[in-house]
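Encoded as structure tokens, the structure appears first; notes follow it.
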Amino acid sequence: MQFLGHSKRLILLAEDDIDDKELLENAFEEIDPSWQLVCIPNGRKFIKYLDTIQDVDLPALLILDYNIPELTGVEIVKELNDHARYLAIPKIIWSTSSSPVFKAMSIELGVVDYITKPSDLASFQTVARHMLSFVKE
């Protein structure tokens, strides 16, 4: 499903865990079905995909798994910080780890939040609503 011309409805997710991707996708769908979640399971491919998107169609939100193949979520943020076109897009790191060191490092790089992945189904919707709170309408 494409939302051409509706770039504010696109969320780009860097996630290699199918279950986490599907749970988050279902949560966004339940909150507002007009959101399109595109998932890339590899950090390097995530950046390549993002580079192919025209400025007018850039995502409204980037959600990055802390531990993803080839480039971690933090490494993705470091690369994106070098490009002015990505600076205004809110970036969230999420992880199974609740490490204060990981969180501090992520926040220092300019992400809007570091979220520990929920361990129960009900919490995914709460997390998704929190993530959407960073999107500028």
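We label chains A, B, ... in the order they appear in the structure tokens, count residues from 1 in each chain, and number ligands from 1 in the order shown.
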
*12 Å contact set for A:Leu80, only C-alpha atoms, chain neighbours under 4 positions out, as a PyMOL selection string*: chain A and resi 43-44+46-48+50-51+62+64+71+73-76+84-91+109-111

*Shell around stretch 118-133 of chain A at 12 Å using only C-alpha atoms, local window under 3 positions removed, as a count of residues only*: 42

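Separating atom CA of A:Asp16 from atom CA of A:Ser106 is a distance of 19.0 Å.
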
*Filtered DSSP result for chain A, state helix (DSSP H, G or I), as a count of residues only*: 62

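Closest approach to A:Val38 among A:Glu15, A:Asp65, A:Asp82, A:Glu70 is made by A:Glu15 (distances from only C-alpha atoms).
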
*Could you give me the residues within stretch 31-110 of chain A that DSSP places in strand (DSSP E or B), as a PyMOL selection string?*
chain A and resi 36-40+61-65+91-95

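If you look at atom CA of A:Glu79 and atom CA of A:Ala14, they are 14.0 Å away from each other.
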
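A straight line drawn from atom CA of A:Gln36 to atom CA of A:Lys103 is 26.8 Å long.
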